[in-house]
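**Q** For reference, the file upload_16.txt (compact mmCIF, C-alpha atoms) is included below:
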# COMPACT_ATOMS: atom_id res chain seq x y z
CA MET A 1 -88.49 104.22 -95.40
CA GLY A 2 -92.20 104.11 -96.26
CA TYR A 3 -94.08 102.24 -98.94
CA PHE A 4 -92.93 102.86 -102.51
CA ARG A 5 -95.86 102.98 -104.91
CA ARG A 6 -95.62 100.61 -107.85
CA ASN A 7 -96.86 101.50 -111.30
CA LEU A 8 -99.06 98.38 -111.37
CA GLU A 9 -100.94 99.32 -108.21
CA ASN A 10 -103.96 101.13 -109.67
CA TRP A 11 -104.45 98.61 -112.46
CA LEU A 12 -104.20 95.73 -109.98
CA ARG A 13 -106.75 97.32 -107.67
CA GLN A 14 -109.17 98.03 -110.51
CA THR A 15 -108.91 94.45 -111.76
CA LEU A 16 -109.70 93.06 -108.31
CA HIS A 17 -113.01 94.93 -108.51
CA THR A 18 -113.93 93.15 -111.76
CA ARG A 19 -112.34 89.66 -111.57
CA PRO A 20 -112.60 86.84 -109.01
CA LEU A 21 -108.88 86.05 -108.94
CA VAL A 22 -105.66 87.89 -109.75
CA TYR A 23 -102.38 86.03 -110.17
CA LEU A 24 -99.38 88.27 -109.43
CA ASN A 25 -96.12 86.65 -110.47
CA GLY A 26 -92.57 87.96 -110.57
CA PRO A 27 -89.11 87.23 -109.22
CA ARG A 28 -88.48 86.51 -105.57
CA GLN A 29 -87.91 89.64 -103.46
CA CYS A 30 -89.32 92.07 -106.05
CA GLY A 31 -92.09 93.39 -103.76
CA LYS A 32 -95.09 91.21 -104.66
CA SER A 33 -96.20 90.71 -101.04
CA THR A 34 -95.93 94.41 -100.26
CA LEU A 35 -97.91 95.35 -103.36
CA ALA A 36 -100.56 92.71 -102.62
CA LYS A 37 -101.07 93.96 -99.07
CA ASN A 38 -101.42 97.55 -100.29
CA ALA A 39 -103.97 96.70 -102.98
CA TYR A 40 -106.77 96.63 -100.39
CA PRO A 41 -107.04 98.26 -96.94
CA GLU A 42 -105.70 95.97 -94.21
CA GLU A 43 -109.14 95.46 -92.65
CA ARG A 44 -110.48 94.14 -95.98
CA HIS A 45 -107.90 91.46 -96.72
CA ASN A 46 -106.63 88.26 -95.15
CA TYR A 47 -102.96 87.47 -95.81
CA LEU A 48 -101.13 84.17 -95.52
CA SER A 49 -97.93 82.78 -96.98
CA PHE A 50 -96.91 79.27 -97.94
CA ASP A 51 -93.35 80.31 -97.08
CA THR A 52 -94.53 79.68 -93.51
CA PRO A 53 -94.07 75.95 -92.70
CA VAL A 54 -97.30 75.61 -90.69
CA ASN A 55 -99.41 77.06 -93.53
CA LEU A 56 -97.59 74.93 -96.08
CA THR A 57 -98.14 71.73 -94.10
CA ALA A 58 -101.81 72.47 -93.39
CA ALA A 59 -102.61 73.24 -97.01
CA LYS A 60 -100.83 70.17 -98.34
CA SER A 61 -102.40 67.88 -95.74
CA ASP A 62 -106.01 68.86 -96.43
CA PRO A 63 -106.37 71.40 -99.25
CA VAL A 64 -110.19 71.27 -99.20
CA LYS A 65 -110.45 72.10 -95.52
CA PHE A 66 -107.74 74.73 -95.83
CA ILE A 67 -109.51 76.63 -98.63
CA ASN A 68 -112.91 76.32 -96.92
CA SER A 69 -111.47 77.77 -93.71
CA LEU A 70 -110.54 81.09 -95.30
CA PRO A 71 -112.76 84.09 -94.42
CA ILE A 72 -115.67 84.70 -96.76
CA ASP A 73 -115.93 88.48 -96.64
CA ARG A 74 -112.31 89.46 -97.34
CA LEU A 75 -109.85 89.41 -100.20
CA LYS A 76 -107.75 86.31 -99.62
CA ILE A 77 -104.06 86.94 -100.37
CA ILE A 78 -102.04 83.72 -100.68
CA ASP A 79 -98.31 84.26 -101.02
CA GLU A 80 -96.00 81.83 -102.90
CA VAL A 81 -98.96 79.75 -104.08
CA GLN A 82 -96.76 77.69 -106.41
CA LEU A 83 -95.56 75.71 -103.38
CA VAL A 84 -98.99 74.06 -102.96
CA PRO A 85 -100.41 73.14 -106.37
CA GLU A 86 -102.83 70.80 -104.58
CA ILE A 87 -105.15 73.74 -103.81
CA PHE A 88 -105.66 74.84 -107.42
CA PRO A 89 -108.75 72.70 -108.23
CA TYR A 90 -110.38 73.75 -104.96
CA LEU A 91 -109.83 77.43 -105.70
CA LYS A 92 -111.87 76.88 -108.86
CA ILE A 93 -114.68 75.20 -106.87
CA GLN A 94 -114.67 78.03 -104.32
CA ILE A 95 -114.82 80.70 -107.01
CA ASP A 96 -117.75 79.00 -108.71
CA LYS A 97 -119.60 78.79 -105.39
CA TYR A 98 -119.08 82.50 -104.78
CA ARG A 99 -120.32 83.29 -108.29
CA GLU A 100 -123.55 81.36 -107.65
CA LYS A 101 -124.12 83.59 -104.64
CA GLY A 102 -123.61 86.73 -106.71
CA LYS A 103 -120.12 87.52 -105.39
CA GLY A 104 -117.74 86.99 -108.26
CA THR A 105 -115.05 89.65 -107.79
CA GLY A 106 -112.15 90.38 -105.45
CA LEU A 107 -111.95 86.86 -104.00
CA PHE A 108 -108.33 85.77 -104.30
CA LEU A 109 -104.99 87.46 -104.93
CA LEU A 110 -102.29 84.84 -105.48
CA THR A 111 -98.59 85.66 -105.64
CA SER A 112 -95.90 83.41 -107.04
CA SER A 113 -92.21 83.44 -107.86
CA ALA A 114 -92.89 81.21 -110.87
CA ASN A 115 -94.34 82.18 -114.23
CA LEU A 116 -97.91 80.98 -114.70
CA MET A 117 -96.87 79.15 -117.89
CA ALA A 118 -94.56 76.97 -115.78
CA LEU A 119 -97.54 75.86 -113.65
CA PRO A 120 -99.96 74.19 -116.10
CA ARG A 121 -102.09 72.73 -113.28
CA LEU A 122 -102.91 76.25 -112.12
CA ALA A 123 -103.45 77.62 -115.62
CA GLU A 124 -105.78 74.75 -116.56
CA ALA A 125 -107.75 74.82 -113.30
CA LEU A 126 -108.39 78.55 -113.35
CA VAL A 127 -108.68 79.38 -117.04
CA GLY A 128 -111.29 82.08 -117.56
CA ARG A 129 -111.34 82.94 -113.87
CA MET A 130 -108.19 85.00 -113.40
CA SER A 131 -106.13 87.92 -114.63
CA VAL A 132 -102.34 87.69 -114.63
CA PHE A 133 -99.92 90.48 -113.69
CA THR A 134 -96.13 90.46 -113.61
CA LEU A 135 -94.23 92.59 -111.10
CA LEU A 136 -90.50 93.09 -111.65
CA PRO A 137 -87.88 94.90 -109.57
CA PHE A 138 -88.06 98.71 -109.33
CA SER A 139 -88.08 100.60 -112.60
CA SER A 140 -86.20 103.90 -112.59
CA SER A 141 -89.47 105.86 -112.32
CA GLU A 142 -90.67 103.67 -109.44
CA TYR A 143 -87.45 104.25 -107.54
CA MET A 144 -87.68 107.98 -108.25
CA GLN A 145 -91.43 107.86 -107.43
CA THR A 146 -92.38 109.94 -110.47
CA GLY A 147 -95.00 107.55 -111.88
CA VAL A 148 -93.67 107.98 -115.43
CA ASN A 149 -94.38 105.31 -118.05
CA PHE A 150 -92.14 106.31 -120.91
CA ILE A 151 -93.73 103.84 -123.36
CA THR A 152 -97.14 105.44 -122.82
CA ARG A 153 -95.43 108.80 -123.25
CA LEU A 154 -93.84 107.81 -126.58
CA PHE A 155 -97.12 106.52 -128.00
CA GLY A 156 -99.36 109.20 -126.58
CA GLU A 157 -97.51 112.49 -126.23
CA LYS A 158 -96.11 114.91 -128.78
CA THR A 159 -92.32 114.77 -128.93
CA GLU A 160 -90.79 118.22 -128.50
CA TYR A 161 -87.38 119.81 -128.01
CA ARG A 162 -86.53 119.95 -124.33
CA SER A 163 -83.51 120.19 -122.05
CA TYR A 164 -83.24 118.26 -118.77
CA ASN A 165 -81.07 118.63 -115.71
CA LYS A 166 -77.93 116.53 -115.32
CA TYR A 167 -78.33 113.14 -113.66
CA ASN A 168 -76.18 110.33 -112.31
CA LEU A 169 -76.80 107.44 -114.71
CA LEU A 170 -74.82 104.93 -112.66
CA GLU A 171 -76.82 105.75 -109.52
CA ILE A 172 -80.10 105.26 -111.41
CA ILE A 173 -79.05 101.87 -112.80
CA GLU A 174 -77.84 100.74 -109.38
CA ASN A 175 -81.20 101.60 -107.80
CA ALA A 176 -83.45 100.22 -110.55
CA THR A 177 -83.22 96.87 -108.82
CA PHE A 178 -84.80 94.78 -106.07
CA PRO A 179 -86.36 96.89 -103.29
CA GLU A 180 -84.14 95.67 -100.45
CA PRO A 181 -80.74 96.61 -101.93
CA ALA A 182 -82.26 99.72 -103.56
CA LEU A 183 -83.62 101.08 -100.29
CA ASN A 184 -80.91 99.90 -97.88
CA HIS A 185 -77.57 101.19 -99.06
CA ASN A 186 -75.79 99.53 -96.13
CA ILE A 187 -76.39 96.09 -97.65
CA ASP A 188 -73.39 94.21 -99.00
CA ARG A 189 -74.70 93.76 -102.53
CA GLU A 190 -72.28 91.00 -103.45
CA GLN A 191 -73.49 88.93 -100.51
CA TRP A 192 -77.15 89.81 -101.17
CA PHE A 193 -77.10 88.68 -104.79
CA GLY A 194 -75.13 85.55 -103.89
CA ASP A 195 -77.74 84.63 -101.29
CA TYR A 196 -80.50 85.50 -103.74
CA LEU A 197 -79.22 83.06 -106.35
CA SER A 198 -78.76 80.29 -103.79
CA ILE A 199 -82.33 80.59 -102.52
CA LEU A 200 -83.67 80.97 -106.05
CA ILE A 201 -82.13 77.69 -107.18
CA GLN A 202 -82.90 75.76 -104.02
CA ARG A 203 -86.55 76.84 -103.91
CA ASP A 204 -88.06 78.54 -106.95
CA VAL A 205 -86.19 76.80 -109.75
CA ARG A 206 -86.94 73.39 -108.24
CA THR A 207 -90.64 74.28 -108.41
CA VAL A 208 -90.55 74.40 -112.20
CA THR A 209 -87.92 71.80 -113.11
CA ASP A 210 -85.61 69.12 -111.75
CA ILE A 211 -82.19 70.64 -111.00
CA ARG A 212 -79.76 67.89 -110.06
CA GLU A 213 -76.58 69.96 -110.18
CA PRO A 214 -77.18 73.53 -108.93
CA SER A 215 -73.55 74.46 -109.61
CA LYS A 216 -74.15 73.93 -113.34
CA MET A 217 -77.13 76.28 -113.19
CA ILE A 218 -74.91 79.02 -111.73
CA MET A 219 -72.28 78.28 -114.36
CA LEU A 220 -74.91 78.60 -117.10
CA PHE A 221 -75.98 81.96 -115.69
CA SER A 222 -72.37 83.14 -115.93
CA PHE A 223 -72.08 81.98 -119.54
CA LEU A 224 -75.32 83.74 -120.43
CA ALA A 225 -74.26 86.92 -118.60
CA MET A 226 -71.36 87.30 -121.01
CA ARG A 227 -73.88 87.19 -123.87
CA ALA A 228 -76.51 89.56 -122.48
CA GLY A 229 -78.00 91.63 -125.29
CA GLY A 230 -76.70 89.27 -127.95
CA LEU A 231 -78.40 86.82 -130.28
CA LEU A 232 -78.93 83.39 -128.77
CA ASN A 233 -76.98 80.49 -130.24
CA ASN A 234 -78.33 77.73 -128.02
CA SER A 235 -76.22 74.95 -129.49
CA GLN A 236 -72.97 76.86 -129.02
CA ILE A 237 -73.79 77.94 -125.45
CA SER A 238 -74.81 74.42 -124.38
CA GLN A 239 -71.50 73.05 -125.67
CA GLU A 240 -69.45 75.75 -123.94
CA ALA A 241 -71.35 75.20 -120.68
CA GLY A 242 -70.81 71.44 -120.86
CA LEU A 243 -74.55 70.66 -120.96
CA ASP A 244 -76.39 68.44 -123.39
CA ILE A 245 -78.93 70.44 -125.39
CA LYS A 246 -81.98 69.03 -123.55
CA THR A 247 -80.54 69.87 -120.13
CA TYR A 248 -79.51 73.31 -121.36
CA GLU A 249 -82.98 74.05 -122.72
CA ARG A 250 -84.59 72.87 -119.47
CA TYR A 251 -82.27 75.00 -117.33
CA LYS A 252 -82.74 78.07 -119.54
CA ALA A 253 -86.53 77.64 -119.44
CA ALA A 254 -86.36 77.41 -115.64
CA ALA A 255 -84.36 80.65 -115.53
CA ILE A 256 -86.96 82.38 -117.71
CA ASN A 257 -89.87 80.96 -115.71
CA THR A 258 -88.35 82.22 -112.44
CA PHE A 259 -87.70 85.65 -113.99
CA VAL A 260 -83.90 85.59 -114.02
CA LEU A 261 -83.84 85.96 -117.80
CA PHE A 262 -86.14 87.08 -120.57
CA GLU A 263 -85.96 86.89 -124.34
CA ILE A 264 -86.91 89.52 -126.92
CA PRO A 265 -88.14 87.73 -130.07
CA ALA A 266 -87.05 88.70 -133.56
CA TRP A 267 -89.32 90.98 -135.57
CA ALA A 268 -91.04 89.04 -138.33
CA LYS A 269 -93.92 90.89 -139.94
CA GLN A 270 -95.09 91.50 -143.47
CA ASN A 271 -93.06 94.41 -144.79
CA HIS A 272 -92.01 96.40 -147.82
CA LEU A 273 -88.36 95.25 -147.89
CA SER A 274 -86.93 92.41 -149.92
CA LYS A 275 -84.56 91.44 -147.13
CA ARG A 276 -84.06 88.39 -144.93
CA PHE A 277 -84.38 88.85 -141.19
CA THR A 278 -82.75 87.00 -138.34
CA LYS A 279 -85.00 84.61 -136.42
CA SER A 280 -82.90 84.43 -133.25
CA PRO A 281 -84.16 86.07 -130.05
CA LYS A 282 -82.01 88.35 -127.90
CA LEU A 283 -81.34 87.49 -124.27
CA PHE A 284 -81.40 89.84 -121.29
CA PHE A 285 -81.26 89.63 -117.50
CA THR A 286 -84.29 90.90 -115.61
CA ASP A 287 -82.05 92.77 -113.17
CA THR A 288 -78.98 94.64 -114.42
CA ASN A 289 -77.33 94.55 -111.00
CA LEU A 290 -77.66 90.75 -110.96
CA LEU A 291 -76.05 90.75 -114.41
CA ALA A 292 -73.08 92.70 -113.01
CA TYR A 293 -72.82 90.24 -110.11
CA LEU A 294 -72.69 87.30 -112.54
CA LEU A 295 -70.01 89.10 -114.54
CA ARG A 296 -68.09 89.30 -111.26
CA ARG A 297 -67.69 93.04 -111.69
CA LYS A 298 -69.00 96.09 -109.91
CA LEU A 299 -71.11 98.41 -112.02
CA LYS A 300 -68.86 101.37 -111.19
CA ASP A 301 -65.81 99.50 -112.43
CA ILE A 302 -67.56 98.69 -115.71
CA TYR A 303 -68.82 102.26 -116.03
CA ASP A 304 -65.41 103.83 -115.37
CA ASN A 305 -63.11 101.43 -117.19
CA ASP A 306 -64.87 99.38 -119.87
CA ARG A 307 -66.93 101.35 -122.36
CA THR A 308 -67.72 98.31 -124.52
CA ALA A 309 -69.06 96.24 -121.60
CA MET A 310 -70.92 99.28 -120.27
CA GLY A 311 -72.66 99.61 -123.63
CA ARG A 312 -74.05 96.08 -123.23
CA VAL A 313 -75.00 96.77 -119.62
CA PHE A 314 -76.76 99.98 -120.69
CA GLU A 315 -78.74 98.08 -123.34
CA ASN A 316 -79.71 95.47 -120.73
CA PHE A 317 -80.89 98.28 -118.45
CA ILE A 318 -83.06 99.77 -121.22
CA ALA A 319 -84.46 96.31 -122.02
CA THR A 320 -85.50 95.87 -118.38
CA GLU A 321 -87.08 99.32 -118.32
CA ILE A 322 -89.09 98.45 -121.42
CA VAL A 323 -90.48 95.20 -119.98
CA LYS A 324 -91.17 96.84 -116.60
CA ASN A 325 -93.16 99.64 -118.23
CA ALA A 326 -94.85 97.21 -120.62
CA SER A 327 -96.29 95.18 -117.74
CA SER A 328 -99.03 97.80 -117.27
CA ILE A 329 -99.85 98.20 -120.98
CA THR A 330 -102.22 95.87 -122.79
CA GLY A 331 -101.75 94.91 -126.42
CA LEU A 332 -98.08 95.89 -126.64
CA GLU A 333 -95.68 93.74 -128.65
CA ILE A 334 -91.89 93.93 -128.16
CA SER A 335 -89.32 92.57 -130.59
CA HIS A 336 -85.92 93.35 -132.10
CA PHE A 337 -85.21 94.09 -135.77
CA ARG A 338 -82.15 92.72 -137.56
CA THR A 339 -81.56 92.00 -141.22
CA SER A 340 -79.22 89.33 -142.53
CA ASP A 341 -76.74 92.09 -143.49
CA GLN A 342 -76.58 93.26 -139.83
CA LYS A 343 -78.78 96.35 -139.99
CA GLU A 344 -80.67 96.46 -136.72
CA VAL A 345 -82.92 98.23 -134.26
CA ASP A 346 -82.51 97.20 -130.64
CA PHE A 347 -86.23 97.24 -129.77
CA VAL A 348 -89.43 97.49 -131.79
CA LEU A 349 -92.63 98.40 -129.94
CA GLU A 350 -96.00 97.84 -131.63
CA LYS A 351 -99.41 98.87 -130.35
CA ASP A 352 -102.68 99.74 -132.08
CA ASN A 353 -101.02 99.20 -135.48
CA LYS A 354 -98.35 101.82 -134.72
CA VAL A 355 -94.62 101.09 -134.59
CA ILE A 356 -91.90 102.74 -132.50
CA GLY A 357 -88.25 101.79 -132.95
CA ILE A 358 -85.74 102.26 -130.13
CA GLU A 359 -81.98 102.21 -130.59
CA VAL A 360 -79.71 102.38 -127.53
CA LYS A 361 -76.43 104.32 -127.53
CA LEU A 362 -74.29 105.04 -124.49
CA ASN A 363 -72.82 108.10 -126.23
CA SER A 364 -73.54 111.52 -124.75
CA THR A 365 -73.67 113.01 -128.25
CA PRO A 366 -75.86 111.27 -130.86
CA ASN A 367 -75.11 111.44 -134.59
CA ILE A 368 -77.07 110.87 -137.78
CA ASN A 369 -75.59 107.39 -138.34
CA ASP A 370 -77.24 106.20 -135.12
CA PHE A 371 -80.58 106.37 -137.00
CA ASN A 372 -79.67 104.13 -139.95
CA GLY A 373 -81.46 101.05 -138.61
CA LEU A 374 -84.48 103.12 -137.60
CA LYS A 375 -84.76 104.52 -141.14
CA LEU A 376 -84.77 100.99 -142.53
CA LEU A 377 -87.50 100.03 -140.05
CA LYS A 378 -89.55 103.01 -141.22
CA GLU A 379 -89.13 101.86 -144.80
CA ALA A 380 -90.26 98.37 -143.80
CA VAL A 381 -93.49 99.40 -142.06
CA LYS A 382 -94.31 102.57 -144.03
CA GLU A 383 -97.42 104.35 -142.67
CA ARG A 384 -97.43 102.31 -139.46
CA PHE A 385 -94.21 104.00 -138.33
CA LYS A 386 -94.81 106.49 -135.56
CA LEU A 387 -91.40 107.30 -134.11
CA GLY A 388 -87.73 106.35 -134.26
CA VAL A 389 -85.86 106.97 -131.02
CA VAL A 390 -82.21 106.84 -130.07
CA ILE A 391 -81.94 106.68 -126.28
CA TYR A 392 -78.62 108.22 -125.28
CA SER A 393 -76.85 109.47 -122.15
CA GLY A 394 -77.21 113.21 -122.74
CA THR A 395 -79.67 115.78 -121.44
CA THR A 396 -81.50 117.20 -124.48
CA MET A 397 -84.40 115.95 -126.60
CA LEU A 398 -83.21 116.56 -130.17
CA PRO A 399 -84.91 116.14 -133.58
CA PHE A 400 -83.02 114.24 -136.31
CA GLY A 401 -85.50 114.59 -139.16
CA GLU A 402 -89.18 113.77 -139.48
CA ASP A 403 -90.26 111.12 -136.93
CA PHE A 404 -86.71 110.70 -135.56
CA TRP A 405 -85.56 111.90 -132.15
CA ALA A 406 -82.58 111.56 -129.86
CA VAL A 407 -84.10 111.04 -126.41
CA PRO A 408 -82.05 111.36 -123.20
CA VAL A 409 -82.31 108.35 -120.93
CA CYS A 410 -83.65 110.55 -118.12
CA CYS A 411 -87.01 110.57 -119.99
CA LEU A 412 -87.51 107.15 -118.45
CA TRP A 413 -88.07 108.75 -115.05
CA GLU A 414 -88.27 112.54 -115.44
CA LYS A 415 -91.71 114.15 -115.71
Just dump the structure as structure tokens.

**A**
Amino acid sequence: MGYFRRNLENWLRQTLHTRPLVYLNGPRQCGKSTLAKNAYPEERHNYLSFDTPVNLTAAKSDPVKFINSLPIDRLKIIDEVQLVPEIFPYLKIQIDKYREKGKGTGLFLLTSSANLMALPRLAEALVGRMSVFTLLPFSSSEYMQTGVNFITRLFGEKTEYRSYNKYNLLEIIENATFPEPALNHNIDREQWFGDYLSILIQRDVRTVTDIREPSKMIMLFSFLAMRAGGLLNNSQISQEAGLDIKTYERYKAAAINTFVLFEIPAWAKQNHLSKRFTKSPKLFFTDTNLLAYLLRRKLKDIYDNDRTAMGRVFENFIATEIVKNASSITGLEISHFRTSDQKEVDFVLEKDNKVIGIEVKLNSTPNINDFNGLKLLKEAVKERFKLGVVIYSGTTMLPFGEDFWAVPVCCLWEK
């Protein structure tokens, strides 16, 4: 199967024409190398990977000579750069030399399986000289190759009544995942995700923290999988996992910095309500298929036999779709809204002083009560409120009063 275009591709290419260095991070096996190689024509880039032992050894042995040996007239793509932090200061020196010669753009494209914030030596050395992008596994629209960004659509397009064709929701969720299992249906997914976690802990996690007992990291993942979509009670989870709070926080941070997990912070803005709001973030897994693996259940089994668990899986899927689409949108804030008396909105999106609330319901038929939290959000933000959306598993875009719509999940990928 040929190259699958990623929604970040154009933005990445444009940035390389204006900035000296682009840092492309994201989870292992999500397609960073493939995207990097397709950002420029093959004859205009030079690719190398620190996953290759000879490159790794050469760069660590003499980072100055290694950087100086790279071709001058090509984009230099360095894969898994987090493995050789010794080169970071010399990248800065090289960039400054190029700038003095009047060539200050399209010099380096670095990829990494670790979040930039987990690599302070890189961040400090290259501050002001780089742009940072995050690539995640396939979104539904990337897998379907429709190029849809539903967040841009919600903020920019008029919402209208519309009917869509039927779709297979389970098939979409199963393929909104890492490229290899998405594109090769002969792969044993249980084995693939097991191998993925083993390599992740042995290589990427150890880059950002000291993991002395990998088995406890896997155990923590399993504990957190049972709480996906819920509010985080760190003290309770650390006790149940048998970890002291410092070790738990370090392991959780490592999981976030290697893109296994992400948190959605609580909404906390000035508002027109005299209510208290929760301060706890919500936790999600970056890949919903990995979540199912950690639950030790197949997605089809959950879908067919456990409506409650499938509701949480569906919310995790929507959360991943939001962060995947958000990666190509500047100035977007994502949070969740919950009052102390349990009125909530699953996701709040804010951009250009406009607010969109998103509630997630697995039901195929929405009802007026599904909009209660969204109405409270509208009351809280008043004129900033643009739209309240209930994403559901039906096929028709339906109005539920002024500024409120039931939106079928297929809007995430259908044009």

**Q** Which value, in Å to one decimal, gives the distance between CA of Phe138 in chain A and CA of Glu249 in chain A?

**A** 28.5 Å

**Q** Counting only C-alpha atoms, which residue out of A:Phe404, A:Tyr143, A:Tyr47, A:Tyr98 sits closest to Arg5 in chain A?

**A**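 Checking each candidate against Arg5 in chain A, we get A:Tyr143 as the closest.
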
**Q** Mind checking which residues fall within 9 Å of Leu398 in chain A, counting all atoms listed in the file, ignoring those fewer than 4 positions away in the same chain, and posting them as a list of chain:residue names?

**A**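 My list of contacting residues is A:Glu160, A:Tyr161, A:Arg162, A:Ser163, A:Phe404, A:Trp405, A:Ala406, A:Val407, A:Pro408.
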
**Q** Store the residues picked out above, limited to C-alpha atoms, as a tab-separated table (two decimals), keeping the file's coordinate frame.

**A**
chain	number	residue	atom	x	y	z
A	160	GLU	CA	-90.79	118.22	-128.50
A	161	TYR	CA	-87.38	119.81	-128.01
A	162	ARG	CA	-86.53	119.95	-124.33
A	163	SER	CA	-83.51	120.19	-122.05
A	404	PHE	CA	-86.71	110.70	-135.56
A	405	TRP	CA	-85.56	111.90	-132.15
A	406	ALA	CA	-82.58	111.56	-129.86
A	407	VAL	CA	-84.10	111.04	-126.41
A	408	PRO	CA	-82.05	111.36	-123.20

**Q** Which residue out of A:Gly156, A:Gly26, A:Pro265, A:Pro20 has the minimum interatomic distance to Leu126 in chain A when only C-alpha atoms are used?

**A** A:Pro20

**Q** Could you pull the residues within 8 Å of Leu135 in chain A, counting all atoms listed in the file, minus those fewer than 6 positions along the same chain, as an MDAnalysis selection string?

**A** chainID A and resid 8 24:27 30:32 324 327

**Q** Distance table requested - range 211-261 of chain A against range 105-114 of chain A, cut-off 9 Å, all atoms listed in the file: one row per qualifying residue with the closest atom pair and its distance in Å to one decimal, ordered by chain and rising residue number, as CSV.

**A**
residue,atom,partner,partner_atom,distance
A:Ala254,CA,A:Ala114,CA,8.9
A:Asn257,CA,A:Ala114,CA,5.7
A:Thr258,CA,A:Ala114,CA,4.9
A:Phe259,CA,A:Ala114,CA,7.5

**Q** Please list as a list in words every residue within 9 Å of Val205 in chain A, counting only C-alpha atoms and excluding residues in the same chain fewer than 2 positions away.

**A**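 The residues satisfying every condition are Ala114, Leu200, Ile201, Gln202, Arg203, Thr207, Val208, Thr209, Asp210, Ile211, Tyr251, Ala254, Ala255, Asn257 and Thr258 of chain A.
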
**Q** If we count only C-alpha atoms, what is near Leu387 in chain A at a cut-off of 12 Å, once residues fewer than 4 positions away on the same chain are taken out, given as a PyMOL selection string?

**A** chain A and resi 151+153-159+348-350+354-359+371+374-375+377-378+381-383+399-407

**Q** For Ala182 in chain A, please output as a CSV table (one decimal) with C-alpha atoms, in the frame of the given file all residues within 12 Å (counting all atoms listed in the file; exclusion window: fewer than 3 positions along the same chain).

**A**
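Below is the file that was written, out28.csv:
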chain,number,residue,atom,x,y,z
A,1,MET,CA,-88.5,104.2,-95.4
A,4,PHE,CA,-92.9,102.9,-102.5
A,29,GLN,CA,-87.9,89.6,-103.5
A,30,CYS,CA,-89.3,92.1,-106.0
A,31,GLY,CA,-92.1,93.4,-103.8
A,137,PRO,CA,-87.9,94.9,-109.6
A,138,PHE,CA,-88.1,98.7,-109.3
A,139,SER,CA,-88.1,100.6,-112.6
A,140,SER,CA,-86.2,103.9,-112.6
A,142,GLU,CA,-90.7,103.7,-109.4
A,143,TYR,CA,-87.4,104.2,-107.5
A,144,MET,CA,-87.7,108.0,-108.2
A,171,GLU,CA,-76.8,105.8,-109.5
A,172,ILE,CA,-80.1,105.3,-111.4
A,173,ILE,CA,-79.0,101.9,-112.8
A,174,GLU,CA,-77.8,100.7,-109.4
A,175,ASN,CA,-81.2,101.6,-107.8
A,176,ALA,CA,-83.4,100.2,-110.6
A,177,THR,CA,-83.2,96.9,-108.8
A,178,PHE,CA,-84.8,94.8,-106.1
A,179,PRO,CA,-86.4,96.9,-103.3
A,185,HIS,CA,-77.6,101.2,-99.1
A,186,ASN,CA,-75.8,99.5,-96.1
A,187,ILE,CA,-76.4,96.1,-97.6
A,188,ASP,CA,-73.4,94.2,-99.0
A,189,ARG,CA,-74.7,93.8,-102.5
A,192,TRP,CA,-77.2,89.8,-101.2
A,287,ASP,CA,-82.0,92.8,-113.2
A,289,ASN,CA,-77.3,94.6,-111.0

**Q** Compare A:Asn325, A:Asp73, A:Ile78, A:Asp352 by their minimum atom-to-atom distance to Leu48 in chain A, counting all atoms listed in the file, and give me the closest one.

**A**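 Nearest candidate to Leu48 in chain A out of A:Asn325, A:Asp73, A:Ile78, A:Asp352: A:Ile78.
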
**Q** State, in Å with one decimal place, the distance from CA of Ala225 in chain A to CA of Phe285 in chain A.

**A**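 According to the coordinates, CA of Ala225 in chain A and CA of Phe285 in chain A are separated by 7.6 Å.
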